There are 2 protein chains.
Amino acid sequence: MSAPAKAPVDSLRELRSLLPADAVLSGPEIGEEYSHDESLTEPARVPDAVVLPETPGQISQVIGWARERRVAVTPRGSGTGLAGGATPRSGGIVMSLQRMNSILEVDPANGVAVVQAGVTLCALDEELAGHGLMYAVYPGEMSATIGGNIATNAGGMRAVRHGVTRHNVLGVQAVLGTGVVIRSGGKYVKVSSGYDLAQLLIGSEGTLGVVTEAILKLIPRPAASATVLAPFAGLNRAGDAASALLARHAPSVLEYLDRMSMAGILASESLSVSIPSGIADAAGAYLLVMLDDCTDERLAQTVESVGTVLDGCGALDVYVLPAQVAANLIRARERAFFAAKAAGAGDIIDVVVPRAQMPAFLDRVEEIAAGAQTMVVGCGHIGDGNVHLSVFQQDPATLTQVVAKIYAAGRALDGAVSGEHGIGTAKMRYFLEHTETANVDVQRHIKAVFDPGGILNPGALFPAVMPA
Amino acid sequence: MSAPAKAPVDSLRELRSLLPADAVLSGPEIGEEYSHDESLTEPARVPDAVVLPETPGQISQVIGWARERRVAVTPRGSGTGLAGGATPRSGGIVMSLQRMNSILEVDPANGVAVVQAGVTLCALDEELAGHGLMYAVYPGEMSATIGGNIATNAGGMRAVRHGVTRHNVLGVQAVLGTGVVIRSGGKYVKVSSGYDLAQLLIGSEGTLGVVTEAILKLIPRPAASATVLAPFAGLNRAGDAASALLARHAPSVLEYLDRMSMAGILASESLSVSIPSGIADAAGAYLLVMLDDCTDERLAQTVESVGTVLDGCGALDVYVLPAQVAANLIRARERAFFAAKAAGAGDIIDVVVPRAQMPAFLDRVEEIAAGAQTMVVGCGHIGDGNVHLSVFQQDPATLTQVVAKIYAAGRALDGAVSGEHGIGTAKMRYFLEHTETANVDVQRHIKAVFDPGGILNPGALFPAVMPA
């Protein structure tokens, strides 16, 4: 391990010998996109090379090379992550799964699909639509890959009904940091046959292995859907309404948007939801509810019942949105991050708290923001206690202080640092501060089992054990 | 590690000094029940002592003692397991969680309960009924504990709708084989903040740590339920009907029983389901379907629609069972294992296969059984591809051959050794044969991280690394 690394040029020649001719990019061939993900805080870094493997065998070879040469390997899907998890290390390489993008099998009889990790949610959904099926995880960014979703245990809007990535991925194939290829899981939900390594790899942000293939659980596409929008005077009322809804119904989407988020996404997408100005002026928060059912008739009953619940919880009004308006609004909600980014947000936080603590958490966030002359705008998955806060503050030191206080507020309410974006490199500090040392120690020992050379995504989750 | 163990009497004195006076049983104080679980094949072994800790701190102390003295520790819930996972080692101790049986919190606002590992499903359900809530995992044996359910990632009848234990346990506290206490997870479904150690502990059969506490996801109790029973000429037809049902509906229970299983459980519980003898004579297999809905009116629509699907798939008839008959039949189905045991079954198999492979699997089982003059009776979770086969064969050698062939048949159809009962000591051989070496190697390294002395449930999943 202490042998000096070879000169980069020699190493690159070796690397090229392991892969097809066009599968190693270096120098000017490396597109700008490979130097970063969508994190607002992590600096871009150009890797020494980008590799585009097509098989687990090639990945294994590259990992063997990297381990011997002590070269950092940053696995990458579409680079839509928000925590620096796909930001390369200086002197390291990026391993893009973009060429491993085949849908290997759609198996309606078993309710599963088998896909390569580089398949995008968009390509998958297009294919599944033809079968009347869907993959329930819906983080919004449809250009994201299944591999990226697995890396961060992606959640999204439908998690309130259908769970997160770990509930919808039944098995994986992965190349570990030892170069060894393993499979775990299968075309079944129920299994009790040893440790579930697939579940351990899900959410490990490319630090344990490179996931190459996944078995995904599929469900029937809903026959009938409706979208309901309800403005409330404030978040507390909206929070109570969300709880009341979940006690009686199983909405497929249950989002909240604060007044500023709603205004921002409507403006950035040039949308209107036709809410009378008197009500819009009085609205401090909105609930956005999607309902699915198996027939139009049953859906209509559900919508009526949901309307009654919202009404009883103080909704200023309840709007059943026309299909096109609903689709536009959901798409705009998906793109809330880009609206915030364009407006100059300095950081994005996706703390998760027990869902009933959401109002207390947001009250505390408001206090923190007001005390630091900082604008914090929120929207997110209220049914899951998972909010996305965009923090607007020009002064870097104040920004850091505000962000640290918000993480501390989440922790004080028994929350976790990230609900779905992951820790990456951006939130390592908070992750290590907020997680018991005994737990982190076990995680680092597990990392050493899977990746003894410390070459896989060093600096994500834990401090790198290899030279930077 | 190679120091000779102290004499048992000295060791026991030390052990007693770590716990309250009445919390260490030895000699004649050890009840017969502590020498085994419900496995049909694993020999009973009386442990040197049974400890009844009341706190994680006491568990940690006992583990420290056991590690120093190289004593095997077998964690135990209610001992309802079917794979020898709670069968003690000679010279070892049993650690029963029976005194850690408090429901610490029911938190309806967050839809969770926090319970100690020794809480039984029965006690939990009684408490939750008062809140209009339920814990969805329903393995049938209500005297089982939450800790035992976590150990085996218990599934049960409602898994087809609500998933298995790992989908319904949001967090755990556990004492690892190092004596260290960790917490992982929280009162939220969505989290992406490091490796999910709770998910790794779930299904690890007491080989990594002793789970002491769990955060459980709760759901509203259904407002209206109905149970439908449909006889079919054979399993192939019933299998097609199950697939057709799952493509359109989300039953909360979807079980099949073969002709012999149905006869056996009706006889052993002195039940009748009032099926005309002409139809009963023609029936080779039954589907048992439970449907939940939020109103009686909607339920009636669902029942009608399900009846139409079953009819279209060749049901000989469709019976909506009166509530009491349904409850009796479900209870009898729960107790199918005991009926099989009483009738002299030599082994119980719970292979899981991709659900559409179930008819092919059972055809193969029939061939194997016929070829060895062996009776194999089946019932189980057809919606999950998880069957329970009771194998009746007096000759031990033939029994072993038949069982081995059935496991091989499951493997050939991309199945796994156990869907929900676990590997324990009884199925280690098949687990090791059927799992890729690379995967098992990683599992054993993980075991070494959590339990470096190899004292926790040695001989379950993997060969013991400590003296027997």
# chains A, B, ... in the order shown; residues from 1 in each chain; ligands from 1

$ interface_residues --of "chain A" --to "chain B" --cutoff "7 Å" --atoms "only C-alpha atoms" --output "number ranges by chain"
A: 109-110, 152-153, 155, 164, 167, 182, 187-196, 199-200, 203-204, 220, 243, 247, 352-356, 384, 416-423, 431, 438-439, 443, 445-446, 449, 461

$ residues_around --residues "Gly234 (chain B)" --least-positions-apart "2" --cutoff "7 Å" --atoms "only C-alpha atoms" --output "number ranges by chain"
B: 232, 236-238, 283-285

$ write_last_selection --atoms "N, CA and C atoms" --output "compact mmCIF listing (two decimals), in the first residue's frame"
# COMPACT_ATOMS: atom_id res chain seq x y z
N PHE B 232 -60.11 -24.56 -6.82
CA PHE B 232 -59.71 -24.74 -8.23
C PHE B 232 -59.39 -26.21 -8.46
N ASN B 236 -52.14 -25.07 -10.93
CA ASN B 236 -51.84 -24.21 -12.07
C ASN B 236 -52.92 -23.16 -12.25
N ARG B 237 -54.17 -23.60 -12.19
CA ARG B 237 -55.29 -22.66 -12.31
C ARG B 237 -55.28 -21.64 -11.17
N ALA B 238 -55.03 -22.12 -9.97
CA ALA B 238 -55.00 -21.22 -8.81
C ALA B 238 -53.87 -20.20 -8.96
N ALA B 283 -61.83 -30.35 -6.05
CA ALA B 283 -60.87 -29.27 -5.76
C ALA B 283 -59.49 -29.83 -5.47
N GLY B 284 -58.48 -29.37 -6.24
CA GLY B 284 -57.10 -29.76 -5.98
C GLY B 284 -56.36 -28.70 -5.18
N ALA B 285 -56.86 -27.46 -5.24
CA ALA B 285 -56.18 -26.37 -4.55
C ALA B 285 -57.20 -25.26 -4.24

$ atom_distance --atom1 "CA of Gly91 (chain B)" --atom2 "CA of Asp48 (chain B)"
5.4 Å

$ atom_distance --atom1 "CA of Leu170 (chain A)" --atom2 "CA of Ile215 (chain A)"
5.4 Å

$ closest_residue --among "B:Glu269, B:Asp125, B:Asp292, B:Asp258" --to "Ser143 (chain B)" --atoms "only C-alpha atoms"
B:Asp125

$ closest_residue --among "B:Gly179, B:Gly264, B:Gly314, B:Gly459" --to "Ala72 (chain B)" --atoms "only C-alpha atoms"
B:Gly459

$ residues_around --residues "Val50 (chain B)" --least-positions-apart "6" --cutoff "9 Å" --atoms "only C-alpha atoms" --output "PyMOL selection string"
chain B and resi 23-26+29-30+34+93-96

$ write_last_selection --atoms "N, CA, C and O atoms" --output "short mmCIF file (atom, residue, chain, number, x, y, z; two decimals), in the first residue's frame"
data_model
loop_
_atom_site.label_atom_id
_atom_site.label_comp_id
_atom_site.auth_asym_id
_atom_site.auth_seq_id
_atom_site.Cartn_x
_atom_site.Cartn_y
_atom_site.Cartn_z
N ALA B 23 -32.03 -13.58 37.72
CA ALA B 23 -31.95 -13.44 36.26
C ALA B 23 -30.99 -14.42 35.61
O ALA B 23 -30.73 -14.33 34.42
N VAL B 24 -30.47 -15.37 36.40
CA VAL B 24 -29.63 -16.43 35.82
C VAL B 24 -30.21 -17.77 36.26
O VAL B 24 -30.25 -18.07 37.46
N LEU B 25 -30.66 -18.55 35.30
CA LEU B 25 -31.17 -19.89 35.61
C LEU B 25 -30.09 -20.92 35.25
O LEU B 25 -29.42 -20.79 34.22
N SER B 26 -29.96 -21.92 36.14
CA SER B 26 -29.03 -23.01 35.81
C SER B 26 -29.56 -24.31 36.37
O SER B 26 -30.49 -24.31 37.18
N GLU B 29 -33.33 -25.32 37.27
CA GLU B 29 -34.16 -24.11 37.05
C GLU B 29 -34.45 -23.89 35.57
O GLU B 29 -35.34 -23.11 35.21
N ILE B 30 -33.67 -24.53 34.70
CA ILE B 30 -33.82 -24.29 33.26
C ILE B 30 -34.99 -25.10 32.72
O ILE B 30 -34.95 -26.33 32.69
N TYR B 34 -36.32 -24.01 26.93
CA TYR B 34 -35.11 -23.28 26.52
C TYR B 34 -34.13 -24.15 25.73
O TYR B 34 -33.11 -23.66 25.26
N ILE B 93 -24.93 -20.47 26.65
CA ILE B 93 -26.06 -19.94 27.41
C ILE B 93 -27.14 -19.44 26.45
O ILE B 93 -26.86 -19.11 25.30
N VAL B 94 -28.35 -19.43 26.95
CA VAL B 94 -29.47 -18.82 26.23
C VAL B 94 -29.71 -17.44 26.83
O VAL B 94 -29.70 -17.29 28.06
N MET B 95 -29.88 -16.43 25.95
CA MET B 95 -30.23 -15.10 26.43
C MET B 95 -31.67 -14.83 26.01
O MET B 95 -31.94 -14.56 24.84
N SER B 96 -32.58 -14.96 26.97
CA SER B 96 -34.00 -14.75 26.67
C SER B 96 -34.36 -13.29 26.87
O SER B 96 -34.02 -12.69 27.89
#

$ residues_around --residues "Met157 (chain B)" --least-positions-apart "3" --cutoff "8 Å" --atoms "only C-alpha atoms" --output "list in words"
Val137, Tyr138, Pro139, Gly140, Val160, Ser252, Val253, Leu254, Glu255 and His381 of chain B
